[in-house]
Amino acid sequence: MLAQLVSSLLSEQNGDGGWGAVPGKQSNTEATAFAVLALESAAADASRIAKAKSWLINRQNGDGSWSLSDSTNGPSWVTALAIIALSGSAEESARVIKAGNWVLEQEGGKPGLLAQLILFVTRQKRAVRLNQDLTGWPWTTGNFSWVEPTSYFMIALKRLKPQLPTNAVQERLAQAELMIYDRMCDGGGWNYGNAEVYDEKLWPYPDTTALALIATQDRRERNENRLSLRVLNQLATEADSGLALSWAAICLALYGQDVAALKSLIVQRFAKTKFLGETKTLALAVLALGEGARYFRV
Amino acid sequence: MNRRQFLKASAATSLVPWLSGCERTSHWEREAYIRPKRSRVAILSAESYRKPLSNIIQRGVELFQLEVRGKRVLLKPNLVEFDPNGVINTHAALIEAAVDAFKVLGAREVIVAEGPGHRRDNEYLLSASGLYDVVKEHRIRYVDLNTDDVRLTRLKSSFTSLRQLYFPETLYNADLLVSMPKLKTHHWAGVTLSLKNMFGVIPGSVYGWPKNSLHWAGINGSIVDINSSLPLPRFAIVDGIVGMEGNGPLQGQAKKSGVILFGSDLVAVDATAARLMKIEPRKVKYLEQAGEFLGNLGYEQIEQVGETIDRFQQDFRVIDNFADLKKLVG
């Protein structure tokens with residue numbers, strides 16, 4: 001089955017070397033970065049991988065960041081994925097260090113003084129339960145921090161750690177970890193970034209829970225990680241999507257668990273839905289079914 | 001978005017005209033909009049999600065001079081999230097009925113497209129909501145608007161400072177966009193109906209989940225700016241068979257209403273839907289703004305066909321912050 005998935009992935013590569021979100025769409029950084037990792041993990045045709053890497057390399061912005069695609073301007077959260085995809089290539093070291101320094105300059109936004117004053121004066125019931133002073137990384141520059149982009153940026157920075165200014169990296173990672181734990185759902189696991197709205201608990205998602213656990217895999221002794229690992233194991237048994245199953249398998253493999261049963265479920269899902277043709281899910285399935293978890297080890 | 005950001009955005013939005021001294025008309029391109037004198041809205045009774053719903057949809061669409069023969073029709077339901085114990089989504093049976101109805105009416109192609117606002121996982125959302133089976137059985141395309149190719153589009157109104165947004169290419173390749181929201185209250189906006197449903201066309205790959213840039217720019221203004229600038233004609237079919245009250249759009253309680261609403265003027269449709277929920281549309285900030293130029297908000301400007309509001313009107317609870325919406329003006 002792994003060979004079939006790799007073959008599908010190769011067949012969907014665009015002429016420019018990249019991949020679109022689904023076949024026939026314009027190449028974008030997210031799909032291409034995951035495809036590069038998947039094909040490398042499967043030791044696929046080197047020339048195809050080189051072409052894909054060239055697509056990424058040629059699209060780095062002057063400030064070190066990446067945009068989502070040729071149709072969008074400005075830096076994007078996908079910069080973290082480009083770093084992860086290229087960080088294993090020694091010849092791209094200067095490129096990813098430049099990107100890493102850009103990442104260190106980015107930070108999630110905080111509410112302004114006016115909003116805080118209004119809240120204080122009106123004494124309105126708190127809408128969400130989270131510490132807004134803890135910042136990770138946003139989806140778009142200057143916006144609020146959320147679990148998924150923060151997890152990607154943490155993985156990228158942790159992989160680049162020895163090559164970046166030690167104090168700056170440690171400071172950002174320490175705060176991002178606090179943010180991630182602050183956003184954890186009651187009982188473990190993560191929603192997209194809130195745990196509660198107007199006293200109603202939000203529920204954990206398998207994909208974001210796996211990502212947050214991957215980003216904090218070097219803190220596996222913490223109670224939050226143990227709780228969330230238990231939640232992920234439960235969610236994974238109920239998951240009915242290639243995305244959730246693949247992220248869960250990658251995460252649990254990094255935590256040393258046997259993921260054979262999850263691999264079977266991934267194969268079953270592909271047979272049933274073809275993952276709706278989503279390149280990212282196809283690439284993650286290749287990573288999960290093979291030895292791809294190592295690309296997310298920090 | 002949390003309470004503080006919401007207040008900040010709201011305060012900033014309300015301060016803009018005061019500080020600049022601008023008239024309200026400066027918020028949109030006057031020549032781009034001609035508000036109809038009257039707008040028709042249909043309320044049709046639908047007891048449950050059991051078949052034959054497609055007959056009701058077809059009857060509702062036929063109450064409007066909507067030419068769909070040979071057209072590519074894009075159905076945009078609300079799949080923001082899924083809760084097996086809740087009623088978050090536009091029901092798959094209603095979407096299926098709309099697919100059937102538009103095909104019978106001669107549409108060249110019917111597409112279902114959504115950019116879920118909370119979950120990235122389309123395969124999960126489609127499977128859990130029952131839409132996967134609909135798409136497969138009817139052999140229709142589902143487009144994830146979150147990851148679609150995009151086109152930068154200048155906004156035709158400025159109720160936020162956004163000025164431009166990336167819209168999915170799929171919108172430019174369709175002839176009619178049918179907003180298919182659920183009849184729900186909303187903890188940030190008051191109500192979420194056919195206009196708010198358009199948050200789902202904004203690509204998450206660019207703006208993130210939960211469409212965070214729009215929240216920072218101000219939810220009310222964003223709803224208006226998106227709807228003022230969409231590049232194709234719209235129609236609305238509101239799933240009010242079972243709605244949601246209280247802490248919507250995700251965690252409210254089910255409220256059986258037994259209706260489907262139809263209309264080409266989305267402002268008028270939403271105003272009527274709000275009245276069905278005993279919510280005053282003029283007090284919903286974005287409806288009040290949209291009512292200035294995008295469509296008709298006033299009861300007198302809406303031609304009601306099908307069932308009457310009185311017959312199906314119910315008291316939908318709202319969270320405390322929106323208690324003022326319950327004071328009906330008329």
# chains A, B, ... in the order shown; residues from 1 in each chain; ligands from 1
call {"tool": "select_by_dssp", "arguments": {"residues": "range 69-284 of chain B", "states": "alpha helix (DSSP H)", "output": "ChimeraX atom specification"}}
result
/B:92-104,122-129,131-138,169-172,204-207,212-217,219-227,266-276
call {"tool": "residues_around", "arguments": {"residues": "Ala210 in chain A", "least_positions_apart": "2", "cutoff": "9 Å", "atoms": "only C-alpha atoms", "output": "MDAnalysis selection string"}}
result
chainID A and resid 189:190 205:208 212:215 228:229 232 244 247:252
call {"tool": "write_last_selection", "arguments": {"atoms": "C-alpha atoms", "output": "short mmCIF file (atom, residue, chain, number, x, y, z; two decimals), in the first residue's frame"}}
result
data_model
loop_
_atom_site.label_atom_id
_atom_site.label_comp_id
_atom_site.auth_asym_id
_atom_site.auth_seq_id
_atom_site.Cartn_x
_atom_site.Cartn_y
_atom_site.Cartn_z
CA GLY A 189 -5.95 17.31 24.25
CA TRP A 190 -6.42 20.43 22.16
CA TYR A 205 -9.40 17.30 18.05
CA PRO A 206 -7.13 14.40 17.13
CA ASP A 207 -5.03 16.35 14.62
CA THR A 208 -4.30 19.40 16.80
CA ALA A 212 0.75 19.84 20.13
CA LEU A 213 2.10 16.59 21.52
CA ILE A 214 4.68 16.40 18.72
CA ALA A 215 5.74 19.98 19.45
CA SER A 228 -3.20 14.31 26.27
CA LEU A 229 -1.49 11.16 25.08
CA LEU A 232 -5.11 11.00 21.61
CA ALA A 244 -6.44 12.48 11.99
CA TRP A 247 -1.06 12.67 12.56
CA ALA A 248 -1.99 10.34 15.43
CA ALA A 249 0.24 7.58 14.06
CA ILE A 250 3.19 9.94 13.58
CA CYS A 251 2.76 11.34 17.07
CA LEU A 252 2.31 8.02 18.84
#
call {"tool": "residues_around", "arguments": {"residues": "Thr192 in chain B", "least_positions_apart": "5", "cutoff": "10 Å", "atoms": "only C-alpha atoms", "output": "list in words"}}
result
Asn78, Pro181, Lys182, Leu183, Lys184, Thr185, His186, His187, Asn197, Met198, Met244, Gly248, Pro249, Asp270, Ala273 and Ala274 of chain B
call {"tool": "write_last_selection", "arguments": {"atoms": "N, CA and C atoms", "output": "PDB file, in the first residue's frame"}}
result
ATOM      1  N   ASN B  78     -23.312  25.189   5.975  1.00  0.00           N
ATOM      2  CA  ASN B  78     -22.510  25.492   7.168  1.00  0.00           C
ATOM      3  C   ASN B  78     -22.008  24.178   7.761  1.00  0.00           C
ATOM      4  N   PRO B 181     -27.341  28.371   5.273  1.00  0.00           N
ATOM      5  CA  PRO B 181     -26.979  28.354   6.687  1.00  0.00           C
ATOM      6  C   PRO B 181     -27.996  27.583   7.528  1.00  0.00           C
ATOM      7  N   LYS B 182     -27.632  27.397   8.766  1.00  0.00           N
ATOM      8  CA  LYS B 182     -28.539  26.882   9.786  1.00  0.00           C
ATOM      9  C   LYS B 182     -29.130  28.093  10.507  1.00  0.00           C
ATOM     10  N   LEU B 183     -30.349  27.979  10.956  1.00  0.00           N
ATOM     11  CA  LEU B 183     -31.001  29.056  11.715  1.00  0.00           C
ATOM     12  C   LEU B 183     -30.440  29.029  13.146  1.00  0.00           C
ATOM     13  N   LYS B 184     -29.495  29.960  13.442  1.00  0.00           N
ATOM     14  CA  LYS B 184     -28.809  29.869  14.746  1.00  0.00           C
ATOM     15  C   LYS B 184     -28.566  31.248  15.358  1.00  0.00           C
ATOM     16  N   THR B 185     -28.515  31.257  16.660  1.00  0.00           N
ATOM     17  CA  THR B 185     -27.979  32.423  17.367  1.00  0.00           C
ATOM     18  C   THR B 185     -26.461  32.283  17.405  1.00  0.00           C
ATOM     19  N   HIS B 186     -25.779  33.394  17.704  1.00  0.00           N
ATOM     20  CA  HIS B 186     -24.315  33.384  17.624  1.00  0.00           C
ATOM     21  C   HIS B 186     -23.738  34.230  18.758  1.00  0.00           C
ATOM     22  N   HIS B 187     -22.776  33.679  19.468  1.00  0.00           N
ATOM     23  CA  HIS B 187     -22.295  34.359  20.676  1.00  0.00           C
ATOM     24  C   HIS B 187     -21.409  35.587  20.404  1.00  0.00           C
ATOM     25  N   ASN B 197     -22.834  33.185   7.107  1.00  0.00           N
ATOM     26  CA  ASN B 197     -22.387  31.922   6.523  1.00  0.00           C
ATOM     27  C   ASN B 197     -21.260  32.132   5.512  1.00  0.00           C
ATOM     28  N   MET B 198     -21.170  33.350   4.971  1.00  0.00           N
ATOM     29  CA  MET B 198     -20.149  33.620   3.958  1.00  0.00           C
ATOM     30  C   MET B 198     -18.742  33.733   4.547  1.00  0.00           C
ATOM     31  N   MET B 244     -30.803  26.458  16.230  1.00  0.00           N
ATOM     32  CA  MET B 244     -30.033  26.417  17.478  1.00  0.00           C
ATOM     33  C   MET B 244     -30.226  27.730  18.227  1.00  0.00           C
ATOM     34  N   GLY B 248     -24.814  29.690  20.531  1.00  0.00           N
ATOM     35  CA  GLY B 248     -24.421  29.265  19.184  1.00  0.00           C
ATOM     36  C   GLY B 248     -23.151  29.989  18.781  1.00  0.00           C
ATOM     37  N   PRO B 249     -22.465  29.562  17.766  1.00  0.00           N
ATOM     38  CA  PRO B 249     -22.920  28.652  16.721  1.00  0.00           C
ATOM     39  C   PRO B 249     -22.612  27.169  16.963  1.00  0.00           C
ATOM     40  N   ASP B 270     -32.319  37.198   6.026  1.00  0.00           N
ATOM     41  CA  ASP B 270     -31.798  37.147   7.397  1.00  0.00           C
ATOM     42  C   ASP B 270     -32.667  37.955   8.356  1.00  0.00           C
ATOM     43  N   ALA B 273     -35.556  35.755   9.062  1.00  0.00           N
ATOM     44  CA  ALA B 273     -35.132  34.655   9.939  1.00  0.00           C
ATOM     45  C   ALA B 273     -34.966  35.159  11.375  1.00  0.00           C
ATOM     46  N   ALA B 274     -34.406  36.350  11.523  1.00  0.00           N
ATOM     47  CA  ALA B 274     -34.253  36.925  12.859  1.00  0.00           C
ATOM     48  C   ALA B 274     -35.616  37.131  13.508  1.00  0.00           C
TER      49      ALA B 274
END
call {"tool": "residues_around", "arguments": {"residues": "range 222-229 of chain B", "least_positions_apart": "5", "cutoff": "8 Å", "atoms": "only C-alpha atoms", "output": "PyMOL selection string"}}
result
chain B and resi 153-160+195-196+198-199+214-215+217+286+289-290+294
call {"tool": "closest_residue", "arguments": {"among": "B:Asp100, B:Asp83, B:Glu307, B:Glu114", "to": "chain A", "atoms": "only C-alpha atoms"}}
result
B:Asp83
call {"tool": "closest_residue", "arguments": {"among": "B:Glu67, B:Glu137, B:Glu29, B:Asp320", "to": "chain A", "atoms": "only C-alpha atoms"}}
result
B:Asp320
call {"tool": "residues_around", "arguments": {"residues": "Lys283 in chain B", "least_positions_apart": "3", "cutoff": "8 Å", "atoms": "only C-alpha atoms", "output": "mmCIF file with C-alpha atoms, in the first residue's frame"}}
result
data_model
loop_
_atom_site.group_PDB
_atom_site.id
_atom_site.type_symbol
_atom_site.label_atom_id
_atom_site.label_comp_id
_atom_site.auth_asym_id
_atom_site.auth_seq_id
_atom_site.Cartn_x
_atom_site.Cartn_y
_atom_site.Cartn_z
ATOM 1 C CA GLU B 280 -34.896 42.429 16.225
ATOM 2 C CA LEU B 287 -27.709 43.435 9.558
ATOM 3 C CA GLU B 288 -28.265 47.077 10.333
ATOM 4 C CA ASP B 324 -31.034 43.780 23.813
ATOM 5 C CA LEU B 325 -31.726 41.962 20.535
#
call {"tool": "atom_distance", "arguments": {"atom1": "CA of Gly64 in chain A", "atom2": "CA of Ser27 in chain A"}}
result
19.4 Å
call {"tool": "residues_around", "arguments": {"residues": "range 252-268 of chain B", "least_positions_apart": "2", "cutoff": "8 Å", "atoms": "only C-alpha atoms", "output": "ChimeraX atom specification"}}
result
/B:39-48,60-61,64,86-87,185,194-195,234-250,270-273,287,290-291,294-298,302,312,314,316
call {"tool": "residues_around", "arguments": {"residues": "Ala283 in chain A", "least_positions_apart": "4", "cutoff": "7 Å", "atoms": "only C-alpha atoms", "output": "PyMOL selection string"}}
result
chain A and resi 34-35+38+279+287
call {"tool": "atom_distance", "arguments": {"atom1": "CA of Ser76 in chain A", "atom2": "CA of Asp148 in chain B"}}
result
16.0 Å
call {"tool": "select_by_dssp", "arguments": {"residues": "range 44-96 of chain B", "states": "strand (DSSP E)", "output": "ChimeraX atom specification"}}
result
/B:44-45,72-77
call {"tool": "closest_residue", "arguments": {"among": "A:Ala156, A:Leu276, A:Val267, A:Leu134", "to": "chain B", "atoms": "only C-alpha atoms"}}
result
A:Leu276
call {"tool": "decode", "arguments": {"residues": "range 203-252 of chain A", "atoms": "N, CA and C atoms", "output": "mmCIF file, in the first residue's frame"}}
result
data_model
loop_
_atom_site.group_PDB
_atom_site.id
_atom_site.type_symbol
_atom_site.label_atom_id
_atom_site.label_comp_id
_atom_site.auth_asym_id
_atom_site.auth_seq_id
_atom_site.Cartn_x
_atom_site.Cartn_y
_atom_site.Cartn_z
ATOM 1 N N TRP A 203 -14.104 20.604 22.889
ATOM 2 C CA TRP A 203 -13.612 19.237 22.860
ATOM 3 C C TRP A 203 -12.303 19.159 22.070
ATOM 4 N N PRO A 204 -11.451 18.188 22.417
ATOM 5 C CA PRO A 204 -10.169 18.065 21.699
ATOM 6 C C PRO A 204 -10.321 17.442 20.316
ATOM 7 N N TYR A 205 -9.462 17.872 19.391
ATOM 8 C CA TYR A 205 -9.398 17.302 18.046
ATOM 9 C C TYR A 205 -8.194 16.359 17.982
ATOM 10 N N PRO A 206 -8.288 15.287 17.220
ATOM 11 C CA PRO A 206 -7.127 14.395 17.129
ATOM 12 C C PRO A 206 -5.927 15.030 16.438
ATOM 13 N N ASP A 207 -6.171 15.801 15.371
ATOM 14 C CA ASP A 207 -5.025 16.349 14.619
ATOM 15 C C ASP A 207 -4.283 17.429 15.413
ATOM 16 N N THR A 208 -4.996 18.358 16.024
ATOM 17 C CA THR A 208 -4.305 19.397 16.803
ATOM 18 C C THR A 208 -3.688 18.812 18.073
ATOM 19 N N THR A 209 -4.348 17.819 18.652
ATOM 20 C CA THR A 209 -3.782 17.170 19.838
ATOM 21 C C THR A 209 -2.458 16.484 19.474
ATOM 22 N N ALA A 210 -2.452 15.785 18.353
ATOM 23 C CA ALA A 210 -1.216 15.138 17.913
ATOM 24 C C ALA A 210 -0.122 16.168 17.652
ATOM 25 N N LEU A 211 -0.487 17.257 16.992
ATOM 26 C CA LEU A 211 0.516 18.285 16.670
ATOM 27 C C LEU A 211 1.105 18.915 17.923
ATOM 28 N N ALA A 212 0.237 19.245 18.885
ATOM 29 C CA ALA A 212 0.746 19.845 20.129
ATOM 30 C C ALA A 212 1.630 18.862 20.881
ATOM 31 N N LEU A 213 1.268 17.603 20.852
ATOM 32 C CA LEU A 213 2.103 16.585 21.518
ATOM 33 C C LEU A 213 3.437 16.402 20.793
ATOM 34 N N ILE A 214 3.414 16.496 19.473
ATOM 35 C CA ILE A 214 4.676 16.401 18.722
ATOM 36 C C ILE A 214 5.565 17.595 19.084
ATOM 37 N N ALA A 215 4.961 18.773 19.143
ATOM 38 C CA ALA A 215 5.739 19.984 19.451
ATOM 39 C C ALA A 215 6.328 19.951 20.852
ATOM 40 N N THR A 216 5.688 19.215 21.753
ATOM 41 C CA THR A 216 6.180 19.155 23.144
ATOM 42 C C THR A 216 6.693 17.752 23.495
ATOM 43 N N GLN A 217 7.136 17.041 22.479
ATOM 44 C CA GLN A 217 7.568 15.651 22.718
ATOM 45 C C GLN A 217 8.752 15.555 23.680
ATOM 46 N N ASP A 218 9.533 16.628 23.785
ATOM 47 C CA ASP A 218 10.658 16.627 24.742
ATOM 48 C C ASP A 218 10.190 16.991 26.155
ATOM 49 N N ARG A 219 8.898 17.073 26.363
ATOM 50 C CA ARG A 219 8.321 17.317 27.700
ATOM 51 C C ARG A 219 7.367 16.171 28.048
ATOM 52 N N ARG A 220 7.672 14.993 27.581
ATOM 53 C CA ARG A 220 6.715 13.893 27.690
ATOM 54 C C ARG A 220 6.431 13.449 29.113
ATOM 55 N N GLU A 221 7.287 13.866 30.061
ATOM 56 C CA GLU A 221 7.025 13.483 31.445
ATOM 57 C C GLU A 221 5.995 14.390 32.111
ATOM 58 N N ARG A 222 5.663 15.497 31.476
ATOM 59 C CA ARG A 222 4.687 16.409 32.086
ATOM 60 C C ARG A 222 3.306 15.769 32.132
ATOM 61 N N ASN A 223 2.586 16.133 33.153
ATOM 62 C CA ASN A 223 1.245 15.576 33.325
ATOM 63 C C ASN A 223 0.339 15.905 32.135
ATOM 64 N N GLU A 224 0.480 17.135 31.592
ATOM 65 C CA GLU A 224 -0.351 17.538 30.454
ATOM 66 C C GLU A 224 -0.119 16.607 29.265
ATOM 67 N N ASN A 225 1.150 16.232 29.064
ATOM 68 C CA ASN A 225 1.456 15.335 27.944
ATOM 69 C C ASN A 225 0.884 13.945 28.187
ATOM 70 N N ARG A 226 1.001 13.486 29.410
ATOM 71 C CA ARG A 226 0.485 12.136 29.702
ATOM 72 C C ARG A 226 -1.043 12.090 29.518
ATOM 73 N N LEU A 227 -1.694 13.128 30.048
ATOM 74 C CA LEU A 227 -3.156 13.202 29.890
ATOM 75 C C LEU A 227 -3.552 13.248 28.415
ATOM 76 N N SER A 228 -2.836 14.099 27.682
ATOM 77 C CA SER A 228 -3.200 14.311 26.270
ATOM 78 C C SER A 228 -2.871 13.099 25.415
ATOM 79 N N LEU A 229 -1.831 12.386 25.805
ATOM 80 C CA LEU A 229 -1.492 11.157 25.084
ATOM 81 C C LEU A 229 -2.617 10.133 25.239
ATOM 82 N N ARG A 230 -3.165 10.080 26.431
ATOM 83 C CA ARG A 230 -4.285 9.173 26.675
ATOM 84 C C ARG A 230 -5.487 9.584 25.805
ATOM 85 N N VAL A 231 -5.729 10.892 25.781
ATOM 86 C CA VAL A 231 -6.841 11.401 24.959
ATOM 87 C C VAL A 231 -6.615 11.063 23.486
ATOM 88 N N LEU A 232 -5.388 11.255 23.024
ATOM 89 C CA LEU A 232 -5.106 10.997 21.609
ATOM 90 C C LEU A 232 -5.324 9.520 21.275
ATOM 91 N N ASN A 233 -4.889 8.653 22.165
ATOM 92 C CA ASN A 233 -5.110 7.220 21.924
ATOM 93 C C ASN A 233 -6.598 6.914 21.777
ATOM 94 N N GLN A 234 -7.401 7.556 22.608
ATOM 95 C CA GLN A 234 -8.843 7.346 22.529
ATOM 96 C C GLN A 234 -9.420 7.913 21.228
ATOM 97 N N LEU A 235 -9.019 9.164 20.919
ATOM 98 C CA LEU A 235 -9.531 9.810 19.706
ATOM 99 C C LEU A 235 -9.136 9.038 18.453
ATOM 100 N N ALA A 236 -7.918 8.485 18.484
ATOM 101 C CA ALA A 236 -7.410 7.785 17.293
ATOM 102 C C ALA A 236 -8.239 6.543 16.983
ATOM 103 N N THR A 237 -8.726 5.873 18.025
ATOM 104 C CA THR A 237 -9.515 4.663 17.767
ATOM 105 C C THR A 237 -10.855 5.002 17.118
ATOM 106 N N GLU A 238 -11.305 6.255 17.337
ATOM 107 C CA GLU A 238 -12.612 6.663 16.787
ATOM 108 C C GLU A 238 -12.477 7.476 15.506
ATOM 109 N N ALA A 239 -11.235 7.815 15.144
ATOM 110 C CA ALA A 239 -11.033 8.758 14.038
ATOM 111 C C ALA A 239 -11.466 8.150 12.710
ATOM 112 N N ASP A 240 -12.161 8.943 11.913
ATOM 113 C CA ASP A 240 -12.527 8.452 10.592
ATOM 114 C C ASP A 240 -12.068 9.432 9.524
ATOM 115 N N SER A 241 -10.782 9.724 9.567
ATOM 116 C CA SER A 241 -10.186 10.516 8.490
ATOM 117 C C SER A 241 -8.695 10.186 8.398
ATOM 118 N N GLY A 242 -8.192 10.259 7.196
ATOM 119 C CA GLY A 242 -6.767 10.004 6.981
ATOM 120 C C GLY A 242 -5.894 11.017 7.687
ATOM 121 N N LEU A 243 -6.364 12.269 7.734
ATOM 122 C CA LEU A 243 -5.578 13.324 8.382
ATOM 123 C C LEU A 243 -5.399 13.019 9.861
ATOM 124 N N ALA A 244 -6.500 12.752 10.550
ATOM 125 C CA ALA A 244 -6.439 12.485 11.991
ATOM 126 C C ALA A 244 -5.624 11.225 12.278
ATOM 127 N N LEU A 245 -5.869 10.192 11.518
ATOM 128 C CA LEU A 245 -5.159 8.927 11.762
ATOM 129 C C LEU A 245 -3.662 9.064 11.492
ATOM 130 N N SER A 246 -3.321 9.787 10.437
ATOM 131 C CA SER A 246 -1.902 9.911 10.088
ATOM 132 C C SER A 246 -1.147 10.735 11.119
ATOM 133 N N TRP A 247 -1.731 11.877 11.521
ATOM 134 C CA TRP A 247 -1.061 12.671 12.559
ATOM 135 C C TRP A 247 -0.957 11.870 13.863
ATOM 136 N N ALA A 248 -2.021 11.138 14.189
ATOM 137 C CA ALA A 248 -1.990 10.343 15.426
ATOM 138 C C ALA A 248 -0.888 9.287 15.348
ATOM 139 N N ALA A 249 -0.772 8.627 14.201
ATOM 140 C CA ALA A 249 0.243 7.577 14.062
ATOM 141 C C ALA A 249 1.656 8.156 14.156
ATOM 142 N N ILE A 250 1.859 9.294 13.517
ATOM 143 C CA ILE A 250 3.187 9.936 13.580
ATOM 144 C C ILE A 250 3.513 10.314 15.023
ATOM 145 N N CYS A 251 2.544 10.908 15.689
ATOM 146 C CA CYS A 251 2.755 11.344 17.075
ATOM 147 C C CYS A 251 3.024 10.148 17.995
ATOM 148 N N LEU A 252 2.172 9.156 17.917
ATOM 149 C CA LEU A 252 2.311 8.024 18.838
ATOM 150 C C LEU A 252 3.599 7.245 18.567
#
